[in-house]
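Content type mmCIF, C-alpha atoms, from the file entry-v7.cif:
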data_start
#
loop_
_atom_site.label_atom_id
_atom_site.label_comp_id
_atom_site.auth_asym_id
_atom_site.auth_seq_id
_atom_site.Cartn_x
_atom_site.Cartn_y
_atom_site.Cartn_z
CA MET A 697 45.84 -44.12 22.48
CA THR A 698 44.68 -47.42 21.05
CA GLN A 699 43.76 -47.13 17.39
CA ILE A 700 40.89 -49.06 15.81
CA LYS A 701 41.46 -50.69 12.43
CA PRO A 702 38.24 -50.57 10.36
CA SER A 703 37.12 -53.56 8.32
CA ASN A 704 36.71 -51.27 5.30
CA PRO A 705 40.09 -49.70 4.47
CA ASP A 706 38.33 -46.77 2.78
CA LEU A 707 37.23 -45.66 6.26
CA ALA A 708 40.75 -45.66 7.70
CA PRO A 709 41.13 -41.82 7.63
CA LEU A 710 38.40 -41.57 10.27
CA PHE A 711 40.45 -43.65 12.70
CA GLU A 712 43.72 -41.77 12.55
CA GLY A 713 44.67 -40.06 15.78
CA THR A 714 44.85 -36.27 15.83
CA SER A 715 44.72 -33.31 18.17
CA PHE A 716 42.49 -30.30 18.47
CA GLY A 717 44.90 -27.80 19.92
CA ALA A 718 45.87 -29.18 23.33
CA ILE A 719 43.16 -31.86 23.19
CA GLU A 720 44.41 -35.25 22.03
CA ALA A 721 41.85 -37.31 20.07
CA LYS A 722 42.01 -41.05 19.40
CA ASN A 723 40.08 -40.71 16.13
CA ARG A 724 38.52 -38.09 13.87
CA ILE A 725 34.91 -38.97 14.65
CA VAL A 726 33.38 -36.06 16.57
CA MET A 727 30.07 -36.11 18.40
CA ALA A 728 28.16 -33.01 17.28
CA PRO A 729 26.39 -30.79 19.83
CA LEU A 730 22.89 -32.20 20.31
CA THR A 731 20.16 -30.47 22.29
CA ARG A 732 18.15 -33.20 24.03
CA ALA A 733 16.15 -31.12 26.57
CA ARG A 734 16.51 -33.34 29.62
CA SER A 735 18.04 -31.00 32.20
CA GLU A 736 16.41 -30.06 35.49
CA ARG A 737 13.51 -27.69 34.87
CA LEU A 738 14.49 -24.52 36.76
CA ALA A 739 18.09 -25.02 37.94
CA ASN A 740 19.17 -26.12 34.43
CA THR A 741 21.42 -28.75 35.98
CA GLN A 742 22.54 -32.17 34.76
CA THR A 743 21.83 -35.57 36.32
CA GLY A 744 23.25 -39.08 36.42
CA LEU A 745 21.30 -39.80 33.26
CA HIS A 746 23.47 -37.28 31.41
CA ALA A 747 26.64 -38.86 32.78
CA LEU A 748 25.56 -42.23 31.40
CA TYR A 749 24.51 -40.78 28.03
CA TYR A 750 27.82 -39.03 27.42
CA ALA A 751 29.96 -41.87 28.77
CA GLN A 752 28.24 -44.28 26.38
CA ARG A 753 29.52 -42.08 23.53
CA ALA A 754 33.07 -41.62 24.82
CA GLY A 755 34.43 -43.62 21.87
CA ALA A 756 34.29 -40.37 19.89
CA GLY A 757 37.59 -38.62 19.35
CA LEU A 758 35.90 -35.54 20.77
CA ILE A 759 32.46 -34.91 22.25
CA VAL A 760 30.95 -31.44 21.87
CA SER A 761 28.35 -31.07 24.60
CA GLU A 762 24.78 -30.07 24.02
CA ALA A 763 24.43 -26.29 23.73
CA THR A 764 24.80 -24.85 27.25
CA GLN A 765 23.64 -21.36 28.12
CA ILE A 766 26.08 -18.86 29.59
CA SER A 767 23.42 -16.92 31.53
CA LYS A 768 19.76 -16.88 32.32
CA GLN A 769 19.31 -14.30 29.55
CA GLY A 770 20.97 -16.72 27.12
CA GLN A 771 18.38 -19.49 27.51
CA GLY A 772 15.84 -20.04 24.74
CA TYR A 773 14.58 -23.60 25.13
CA ALA A 774 13.03 -25.54 28.00
CA TRP A 775 15.09 -28.09 29.93
CA THR A 776 18.51 -27.09 28.59
CA PRO A 777 21.61 -26.91 30.82
CA GLY A 778 23.56 -23.91 32.01
CA ILE A 779 27.20 -23.36 32.93
CA PHE A 780 27.10 -20.16 35.00
CA THR A 781 26.15 -21.16 38.58
CA ASP A 782 27.98 -23.23 41.19
CA GLU A 783 25.13 -25.73 41.19
CA GLN A 784 25.41 -26.19 37.43
CA VAL A 785 29.18 -26.63 37.67
CA GLU A 786 28.77 -29.35 40.28
CA SER A 787 26.13 -31.10 38.16
CA TRP A 788 28.47 -31.26 35.16
CA LYS A 789 31.39 -32.76 37.13
CA PRO A 790 29.98 -36.35 37.15
CA VAL A 791 29.43 -36.01 33.38
CA THR A 792 33.00 -35.00 32.57
CA ASP A 793 34.36 -37.56 35.04
CA ALA A 794 32.31 -40.32 33.38
CA VAL A 795 33.57 -39.35 29.92
CA HIS A 796 37.19 -39.22 31.08
CA ASN A 797 36.89 -42.54 32.94
CA ALA A 798 35.64 -44.06 29.68
CA GLY A 799 38.65 -42.69 27.80
CA GLY A 800 36.89 -39.78 26.09
CA ARG A 801 37.37 -36.03 25.67
CA ILE A 802 34.58 -33.47 25.98
CA VAL A 803 34.24 -29.71 25.43
CA CYS A 804 31.37 -27.50 26.56
CA GLN A 805 29.49 -25.57 23.88
CA LEU A 806 28.85 -22.04 25.19
CA TRP A 807 25.46 -20.69 24.06
CA HIS A 808 23.51 -17.44 24.03
CA VAL A 809 20.39 -17.68 21.87
CA GLY A 810 19.71 -13.95 21.63
CA ALA A 811 16.29 -13.33 20.09
CA VAL A 812 15.43 -17.03 19.83
CA SER A 813 14.01 -17.00 23.33
CA HIS A 814 10.87 -15.94 25.20
CA PRO A 815 10.17 -13.66 28.19
CA VAL A 816 9.52 -16.73 30.40
CA PHE A 817 13.27 -17.43 30.30
CA GLN A 818 14.48 -13.86 30.77
CA PRO A 819 15.70 -12.72 34.21
CA ASP A 820 13.21 -9.83 34.28
CA GLU A 821 10.56 -11.56 32.12
CA GLY A 822 11.19 -8.82 29.57
CA ALA A 823 12.02 -8.98 25.88
CA PRO A 824 14.96 -11.11 24.72
CA VAL A 825 17.92 -9.28 23.18
CA SER A 826 19.40 -9.32 19.70
CA SER A 827 21.61 -7.19 17.48
CA SER A 828 18.49 -5.22 16.44
CA ALA A 829 14.78 -5.29 17.12
CA TRP A 830 13.63 -8.52 15.48
CA THR A 831 10.88 -11.10 15.77
CA PRO A 832 12.00 -14.62 14.83
CA GLU A 833 9.75 -16.77 12.69
CA GLY A 834 8.02 -19.76 14.21
CA LYS A 835 7.49 -20.67 17.84
CA ALA A 836 9.56 -20.79 21.01
CA PHE A 837 9.89 -24.17 22.75
CA VAL A 838 8.88 -23.21 26.29
CA GLY A 839 7.91 -26.67 27.55
CA ASP A 840 6.03 -26.36 30.84
CA ARG A 841 7.21 -22.80 31.52
CA HIS A 842 4.14 -21.22 29.88
CA PRO A 843 0.44 -22.16 30.23
CA ASP A 844 0.04 -22.25 26.44
CA GLY A 845 3.14 -24.44 25.95
CA PRO A 846 5.00 -26.43 24.93
CA GLU A 847 5.34 -24.03 21.97
CA VAL A 848 4.24 -20.40 21.78
CA PRO A 849 4.87 -17.65 19.19
CA PHE A 850 8.12 -15.72 19.48
CA THR A 851 7.92 -12.17 20.79
CA GLN A 852 9.91 -9.24 19.44
CA ALA A 853 13.45 -8.99 20.69
CA ARG A 854 14.96 -5.61 21.47
CA ALA A 855 18.32 -4.26 20.35
CA ILE A 856 20.94 -4.92 23.01
CA THR A 857 22.82 -1.84 24.24
CA THR A 858 26.60 -1.49 24.11
CA ASP A 859 26.72 -1.57 27.93
CA GLU A 860 24.75 -4.82 27.91
CA ILE A 861 27.16 -6.27 25.36
CA LYS A 862 29.93 -5.78 27.94
CA GLN A 863 27.91 -7.90 30.37
CA VAL A 864 27.41 -10.63 27.75
CA LEU A 865 31.18 -10.70 27.21
CA GLU A 866 31.68 -11.07 30.95
CA ASP A 867 29.14 -13.91 30.87
CA TYR A 868 31.24 -15.70 28.24
CA HIS A 869 34.32 -15.18 30.41
CA ASN A 870 32.53 -16.56 33.47
CA ALA A 871 31.12 -19.53 31.53
CA ALA A 872 34.62 -20.46 30.35
CA ARG A 873 35.83 -20.34 33.94
CA CYS A 874 32.89 -22.49 35.05
CA ALA A 875 33.53 -25.02 32.27
CA ALA A 876 37.13 -25.43 33.43
CA ARG A 877 35.95 -25.93 37.01
CA ALA A 878 33.46 -28.55 35.80
CA GLY A 879 36.27 -30.59 34.26
CA PHE A 880 35.72 -29.97 30.56
CA ASP A 881 38.74 -30.34 28.28
CA GLY A 882 37.86 -27.07 26.60
CA VAL A 883 34.95 -25.05 25.24
CA GLU A 884 33.32 -24.38 21.89
CA LEU A 885 31.91 -20.91 21.24
CA HIS A 886 28.48 -21.33 19.65
CA ALA A 887 28.55 -18.58 17.02
CA ALA A 888 26.23 -20.44 14.67
CA ASN A 889 22.68 -21.42 13.73
CA GLY A 890 21.19 -17.94 13.92
CA TYR A 891 21.78 -17.40 17.66
CA LEU A 892 23.12 -14.22 19.28
CA ILE A 893 26.57 -13.90 17.70
CA ASP A 894 25.19 -15.00 14.33
CA GLN A 895 22.41 -12.41 14.70
CA PHE A 896 25.16 -9.79 14.75
CA MET A 897 26.89 -11.34 11.73
CA ARG A 898 23.81 -11.71 9.52
CA THR A 899 22.54 -8.83 7.40
CA GLY A 900 18.99 -10.13 7.73
CA VAL A 901 18.97 -9.28 11.44
CA ASN A 902 21.67 -6.70 12.14
CA ARG A 903 20.52 -3.18 11.30
CA ARG A 904 22.66 -1.37 13.86
CA GLU A 905 24.35 1.94 13.08
CA ASP A 906 27.04 1.80 15.76
CA GLU A 907 30.39 -0.01 15.88
CA TYR A 908 28.58 -3.38 15.85
CA GLY A 909 26.60 -2.80 12.65
CA GLY A 910 26.88 -1.78 9.01
CA SER A 911 30.21 -2.98 7.63
CA LEU A 912 31.26 -6.61 7.65
CA ASP A 913 34.09 -5.84 10.08
CA ASN A 914 31.59 -4.28 12.46
CA ARG A 915 29.17 -7.20 12.19
CA LEU A 916 32.02 -9.58 13.05
CA ARG A 917 33.14 -7.48 16.03
CA LEU A 918 31.16 -9.41 18.66
CA LEU A 919 32.59 -12.71 17.41
CA GLY A 920 36.12 -11.46 17.93
CA GLU A 921 35.33 -9.92 21.31
CA ALA A 922 33.68 -13.12 22.55
CA ILE A 923 36.81 -15.09 21.65
CA GLU A 924 38.93 -12.53 23.47
CA ALA A 925 36.72 -12.83 26.55
CA ILE A 926 36.96 -16.63 26.56
CA THR A 927 40.70 -16.79 25.86
CA ALA A 928 41.31 -14.35 28.70
CA GLU A 929 40.29 -17.30 30.90
CA LEU A 930 41.29 -20.40 28.91
CA PRO A 931 44.30 -21.12 26.68
CA ALA A 932 43.37 -20.56 23.04
CA ASP A 933 44.34 -24.15 22.20
CA ARG A 934 41.41 -25.34 24.32
CA VAL A 935 38.87 -23.13 22.55
CA GLY A 936 36.96 -24.02 19.39
CA VAL A 937 34.33 -22.10 17.43
CA ARG A 938 31.23 -23.22 15.55
CA LEU A 939 30.01 -21.25 12.51
CA THR A 940 27.21 -22.11 10.08
CA PRO A 941 26.73 -20.35 6.71
CA ILE A 942 23.24 -21.86 6.42
CA GLY A 943 19.78 -20.73 7.49
CA GLY A 944 19.41 -20.24 11.20
CA ALA A 945 16.84 -20.57 13.95
CA GLY A 946 13.95 -18.15 13.62
CA GLY A 947 14.49 -17.66 9.90
CA SER A 948 17.60 -15.49 10.11
CA ALA A 949 19.73 -15.23 6.98
CA ASP A 950 22.70 -13.39 5.55
CA GLU A 951 22.58 -11.72 2.15
CA TYR A 952 26.22 -12.48 1.30
CA PRO A 953 27.24 -15.70 3.10
CA GLU A 954 30.02 -16.36 0.60
CA GLU A 955 31.69 -13.18 1.94
CA THR A 956 30.60 -13.20 5.59
CA TYR A 957 31.65 -16.67 6.68
CA PRO A 958 35.09 -16.93 5.06
CA ALA A 959 35.76 -13.49 6.57
CA ALA A 960 34.68 -14.83 9.97
CA ALA A 961 37.02 -17.79 9.54
CA LYS A 962 39.86 -15.42 8.64
CA LEU A 963 39.14 -13.32 11.73
CA LEU A 964 39.57 -16.46 13.85
CA ALA A 965 42.88 -17.41 12.21
CA GLY A 966 46.18 -16.56 13.85
CA ARG A 967 44.83 -16.94 17.37
CA GLY A 968 46.02 -20.49 18.07
CA LEU A 969 42.49 -21.83 18.49
CA ALA A 970 41.83 -25.55 18.89
CA TYR A 971 39.55 -25.82 15.86
CA LEU A 972 36.83 -24.34 13.67
CA HIS A 973 33.63 -26.38 13.41
CA THR A 974 31.20 -25.64 10.60
CA VAL A 975 28.10 -27.08 8.96
CA ARG A 976 27.82 -27.60 5.23
CA ALA A 977 24.59 -26.54 3.52
CA THR A 978 22.97 -29.72 2.23
CA ASP A 979 20.21 -30.18 -0.30
CA HIS A 980 17.80 -32.71 1.18
CA GLY A 981 16.80 -33.78 -2.32
CA GLY A 982 20.31 -34.96 -3.12
CA ALA A 983 21.95 -38.22 -2.21
CA ASP A 984 24.99 -36.65 -0.58
CA GLY A 985 24.20 -32.97 -0.26
CA GLU A 986 26.48 -31.87 -3.08
CA LYS A 987 23.77 -29.98 -4.97
CA SER A 988 24.13 -26.94 -2.73
CA GLU A 989 26.56 -24.07 -3.29
CA GLY A 990 27.23 -24.30 0.45
CA ASP A 991 30.23 -26.60 0.06
CA LYS A 992 32.05 -23.83 -1.82
CA ILE A 993 31.65 -21.61 1.23
CA ILE A 994 32.87 -24.37 3.53
CA HIS A 995 35.94 -24.93 1.38
CA ALA A 996 36.65 -21.18 1.41
CA MET A 997 36.36 -21.17 5.20
CA ARG A 998 38.79 -24.08 5.36
CA GLU A 999 41.28 -22.08 3.31
CA ALA A 1000 40.85 -18.97 5.47
CA PHE A 1001 41.35 -20.70 8.82
CA ASP A 1002 44.81 -21.87 9.90
CA GLY A 1003 43.87 -24.58 12.42
CA LYS A 1004 42.04 -27.88 12.64
CA PHE A 1005 38.77 -27.91 10.71
CA ILE A 1006 35.72 -30.00 11.67
CA ALA A 1007 32.89 -30.45 9.14
CA ASN A 1008 29.31 -31.42 9.96
CA GLY A 1009 26.12 -31.89 7.96
CA ASN A 1010 24.45 -35.16 6.90
CA PHE A 1011 27.70 -37.00 6.32
CA THR A 1012 27.80 -40.73 5.78
CA PRO A 1013 30.93 -42.42 7.15
CA GLU A 1014 32.09 -42.95 3.58
CA LYS A 1015 31.67 -39.29 2.62
CA ALA A 1016 33.29 -38.20 5.88
CA SER A 1017 36.33 -40.37 5.24
CA GLN A 1018 36.56 -39.01 1.70
CA TRP A 1019 36.50 -35.40 2.93
CA ILE A 1020 39.32 -36.12 5.37
CA ALA A 1021 41.38 -37.99 2.76
CA GLU A 1022 40.95 -35.14 0.28
CA GLY A 1023 41.91 -32.50 2.84
CA HIS A 1024 38.53 -30.76 3.03
CA ALA A 1025 38.36 -31.41 6.80
CA ASP A 1026 40.52 -32.79 9.60
CA ALA A 1027 37.55 -34.46 11.31
CA VAL A 1028 33.81 -34.87 10.81
CA ALA A 1029 31.04 -34.46 13.38
CA PHE A 1030 28.02 -36.75 13.42
CA GLY A 1031 24.70 -35.92 15.06
CA ARG A 1032 21.76 -38.24 14.51
CA LEU A 1033 24.01 -41.24 14.03
CA PHE A 1034 25.42 -40.61 17.53
CA ILE A 1035 21.95 -40.26 19.00
CA ALA A 1036 20.99 -43.79 17.95
CA ASN A 1037 24.41 -45.43 18.07
CA PRO A 1038 26.25 -44.80 21.35
CA ASP A 1039 29.18 -46.88 20.08
CA LEU A 1040 29.28 -45.16 16.69
CA PRO A 1041 33.06 -45.46 16.10
CA ALA A 1042 32.88 -49.22 16.71
CA ARG A 1043 29.94 -49.51 14.33
CA ILE A 1044 31.74 -47.51 11.65
CA ALA A 1045 34.79 -49.73 12.09
CA ALA A 1046 32.58 -52.81 11.67
CA ASP A 1047 30.86 -51.20 8.66
CA GLY A 1048 27.52 -51.29 10.52
CA PRO A 1049 24.81 -52.20 11.23
CA TYR A 1050 23.34 -48.96 12.56
CA ASN A 1051 20.37 -48.31 14.82
CA ASP A 1052 17.74 -45.92 13.46
CA PRO A 1053 17.03 -42.83 15.59
CA ASP A 1054 13.52 -42.20 16.93
CA PRO A 1055 12.66 -38.50 16.33
CA LYS A 1056 9.78 -38.68 18.82
CA THR A 1057 12.31 -38.99 21.65
CA PHE A 1058 14.82 -36.37 20.51
CA TYR A 1059 13.61 -33.65 22.89
CA GLY A 1060 12.45 -34.08 26.47
CA GLY A 1061 11.66 -37.20 28.45
CA GLY A 1062 13.93 -39.63 30.28
CA MET A 1063 16.04 -42.62 29.32
CA GLU A 1064 13.83 -43.73 26.42
CA GLY A 1065 15.52 -42.72 23.20
CA TYR A 1066 18.43 -41.35 25.23
CA THR A 1067 20.42 -44.04 27.03
CA ASP A 1068 18.58 -47.19 25.88
CA TYR A 1069 19.87 -47.54 22.31
CA PRO A 1070 21.76 -50.86 22.16
CA SER A 1071 25.50 -51.13 21.54
CA LEU A 1072 27.15 -53.85 19.50
CA GLU A 1073 28.58 -55.24 22.73
CA LYS A 1074 26.92 -55.00 26.12
CA VAL A 1075 29.11 -53.01 28.51
CA ASP A 1076 28.62 -52.19 32.17
CA ASP A 1077 27.07 -48.80 32.84
CA PRO A 1078 29.80 -46.42 34.10
CA LEU A 1079 27.41 -44.72 36.51
CA PRO A 1080 24.03 -45.54 37.99
CA CYS A 1081 21.16 -43.25 37.11
#
Can you turn what I pasted into structure tokens?
Amino acid sequence: MTQIKPSNPDLAPLFEGTSFGAIEAKNRIVMAPLTRARSERLANTQTGLHALYYAQRAGAGLIVSEATQISKQGQGYAWTPGIFTDEQVESWKPVTDAVHNAGGRIVCQLWHVGAVSHPVFQPDEGAPVSSSAWTPEGKAFVGDRHPDGPEVPFTQARAITTDEIKQVLEDYHNAARCAARAGFDGVELHAANGYLIDQFMRTGVNRREDEYGGSLDNRLRLLGEAIEAITAELPADRVGVRLTPIGGAGGSADEYPEETYPAAAKLLAGRGLAYLHTVRATDHGGADGEKSEGDKIIHAMREAFDGKFIANGNFTPEKASQWIAEGHADAVAFGRLFIANPDLPARIAADGPYNDPDPKTFYGGGMEGYTDYPSLEKVDDPLPC
């Protein structure tokens, strides 16, 4: 793979080639998973617009797709894609082809939101499921699926049964199979941000008294079983995991994150996984996020896991390069910078300038704020919309 030489030598660590398991990467600049809410309304399929969006960003060493639900039950937001039907598989194929034709690599982030949903998304229009009965804080983004939308209060989720957990595990297995059929280079298990698997891990939500609740080992059980379900279909070196020891969607929290998340990282070690992807807790009042105790947890997770480690969380290119050089991470994922700068690696190499993202266009809509951010150099669109 052709390597880019940055104008600022301090940024050179970001441009070293690496691999995430079986996935070769031309640099260590990862595109973070970014929900953009532009999928087809009911089928939850992708379009040519998505193929263009991802292909524009194929300069990343690795693209992690937007969160993609593994089942109808797993959906919690309007206009988000799925990866569990034949139609959805076919809709993703032009996206993965476009990324590969542009020289990129892309994995599919497998998502079940658990309680952070609403009956309008559920297959029986009943209550969403979680580790225990729980009502998330805030509102559900239902878009045009509810007459009082686009946002309505969350309803109480019910505790999922052990028999239903078996079905969720089969859904992860099926989603991994579908992702391979769609042409993805691998998958990332979304076990973060207060969604279903995290709802089992966090003491603030999980009040079960069976084998999935109580002790830390029990609260981590679903995480391990989900990995087993996925790696029964895909080689472990094409499977990554995302964990976040920070506050989650709906206000979920864990009482002892300094114990829970390093233990989760240790549980994932020894399996030959492609990578562990985690988000540092940042203090928005600080210049670089170092005020928080969260970095101590991230460093402990790094020590506990035996594979490639991707960090995310308000990094500047300079801070990202420093973390790689100092061994705190093997790569760094960028979110908002990738939204506004489709050619982000080239811009980092040139030491800027950078486009500013427009938050008004983050969720929903069409090409505005999605595929129309300018690149440093005009290139031909890989696919028509």
Best match for closeness to Ala754 of chain A among A:Ala794, A:Ala718, A:Ile993, A:Leu738, counting all atoms listed in the file:
A:Ala794
For the structure provided, state which residues fall under the PyMOL selection byres ((chain A and resi 877-882) around 6), and present them as a PDB file with C-alpha atoms, keeping the file's coordinate frame.
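File written: result_7.pdb
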ATOM      1  CA  VAL A 785      29.180 -26.630  37.670  1.00  0.00           C
ATOM      2  CA  TRP A 788      28.470 -31.260  35.160  1.00  0.00           C
ATOM      3  CA  LYS A 789      31.390 -32.760  37.130  1.00  0.00           C
ATOM      4  CA  THR A 792      33.000 -35.000  32.570  1.00  0.00           C
ATOM      5  CA  ILE A 802      34.580 -33.470  25.980  1.00  0.00           C
ATOM      6  CA  VAL A 803      34.240 -29.710  25.430  1.00  0.00           C
ATOM      7  CA  CYS A 874      32.890 -22.490  35.050  1.00  0.00           C
ATOM      8  CA  ALA A 875      33.530 -25.020  32.270  1.00  0.00           C
ATOM      9  CA  ALA A 876      37.130 -25.430  33.430  1.00  0.00           C
ATOM     10  CA  VAL A 883      34.950 -25.050  25.240  1.00  0.00           C
ATOM     11  CA  ARG A 934      41.410 -25.340  24.320  1.00  0.00           C
ATOM     12  CA  VAL A 935      38.870 -23.130  22.550  1.00  0.00           C
TER      13      VAL A 935
END
For the file shown, report as a PyMOL selection string the outcome of the PyMOL selection byres ((chain A and resi 728) around 10) at residue level.
chain A and resi 725-727+729-731+756+758-762+973+1006-1009+1028-1035
Quick one: residues within 8 Å of Val812 of chain A, all atoms listed in the file counted, chain neighbours fewer than 4 positions away excluded, as a PyMOL selection string?
chain A and resi 772+824+832+836+850+891+945-946
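Distances from A:Pro941, A:Gly755, A:Gly909, A:Pro849 to Thr956 of chain A were compared using all atoms listed in the file, and the smallest one belongs to A:Pro941.
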Residue neighbourhood Ala871 of chain A, 7 Å, only C-alpha atoms, exclusion window fewer than 6 positions, as a list in words
Ile766, Ile779 and Phe780 of chain A
Which neighbours of Leu939 of chain A fall inside 9 Å, counting only C-alpha atoms, when residues of the same chain fewer than 3 positions from it are skipped, and could you give them as an NGL selection string?
:A and (885-889 or 894 or 957 or 960-961 or 972-975)
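Applied to this file, the PyMOL selection byres ((chain A and resi 1042-1047) around 6) selects Pro702, Ser703, Asp1039, Leu1040, Pro1041 and Gly1048 of chain A.
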Between atom CA of Gln863 of chain A and atom CA of Thr851 of chain A, what is the distance in Å, rounded to a tenth?
22.6 Å
Would you list the contacts of Ile861 of chain A as a compact mmCIF listing (two decimals) with C-alpha atoms, keeping the file's coordinate frame, taking every protein, DNA or RNA residue within 10 Å and counting all atoms listed in the file, but skipping same-chain residues closer than 2 positions in sequence?
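Once everything was written out, this is selection_29.txt:
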# COMPACT_ATOMS: atom_id res chain seq x y z
CA VAL A 825 17.92 -9.28 23.18
CA SER A 827 21.61 -7.19 17.48
CA ILE A 856 20.94 -4.92 23.01
CA THR A 857 22.82 -1.84 24.24
CA THR A 858 26.60 -1.49 24.11
CA ASP A 859 26.72 -1.57 27.93
CA GLN A 863 27.91 -7.90 30.37
CA VAL A 864 27.41 -10.63 27.75
CA LEU A 865 31.18 -10.70 27.21
CA GLU A 866 31.68 -11.07 30.95
CA ASP A 867 29.14 -13.91 30.87
CA LEU A 918 31.16 -9.41 18.66
CA GLU A 921 35.33 -9.92 21.31
CA ALA A 922 33.68 -13.12 22.55
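Here atom CA of Ile926 of chain A is placed at a distance of 6.0 Å from atom CA of Tyr868 of chain A.
The gap separating atom CA of Pro777 of chain A from atom CA of Thr1067 of chain A is 17.6 Å, in Å to one decimal.
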Exercise: Arg904 of chain A partners within 12 Å, all atoms listed in the file, chain neighbours under 4 positions left out, as a list of chain:residue names
A:Ser826, A:Ser827, A:Ser828, A:Ala829, A:Trp830, A:Arg854, A:Ala855, A:Ile856, A:Thr857, A:Thr858, A:Gln895, A:Phe896, A:Met897, A:Arg898, A:Thr899, A:Gly900, A:Tyr908, A:Gly909, A:Gly910, A:Ser911, A:Leu912, A:Asn914, A:Arg915
Take the point (17.8, -38.9, 24.6) in the file's coordinates, draw a sphere of radius 8 Å around it, and report as a list in words every protein, DNA or RNA residue with an atom inside or on it, counting only C-alpha atoms.
Arg732, Arg734, Tyr749, Ile1035, Thr1057, Phe1058, Tyr1059, Gly1060, Gly1061, Gly1062, Met1063, Glu1064, Gly1065, Tyr1066 and Thr1067 of chain A
Those residues you just picked out, can you put them in a file as an mmCIF file, in the frame of the given file with C-alpha atoms?
data_model
loop_
_atom_site.group_PDB
_atom_site.id
_atom_site.type_symbol
_atom_site.label_atom_id
_atom_site.label_comp_id
_atom_site.auth_asym_id
_atom_site.auth_seq_id
_atom_site.Cartn_x
_atom_site.Cartn_y
_atom_site.Cartn_z
ATOM 1 C CA ARG A 732 18.150 -33.200 24.030
ATOM 2 C CA ARG A 734 16.510 -33.340 29.620
ATOM 3 C CA TYR A 749 24.510 -40.780 28.030
ATOM 4 C CA ILE A 1035 21.950 -40.260 19.000
ATOM 5 C CA THR A 1057 12.310 -38.990 21.650
ATOM 6 C CA PHE A 1058 14.820 -36.370 20.510
ATOM 7 C CA TYR A 1059 13.610 -33.650 22.890
ATOM 8 C CA GLY A 1060 12.450 -34.080 26.470
ATOM 9 C CA GLY A 1061 11.660 -37.200 28.450
ATOM 10 C CA GLY A 1062 13.930 -39.630 30.280
ATOM 11 C CA MET A 1063 16.040 -42.620 29.320
ATOM 12 C CA GLU A 1064 13.830 -43.730 26.420
ATOM 13 C CA GLY A 1065 15.520 -42.720 23.200
ATOM 14 C CA TYR A 1066 18.430 -41.350 25.230
ATOM 15 C CA THR A 1067 20.420 -44.040 27.030
#
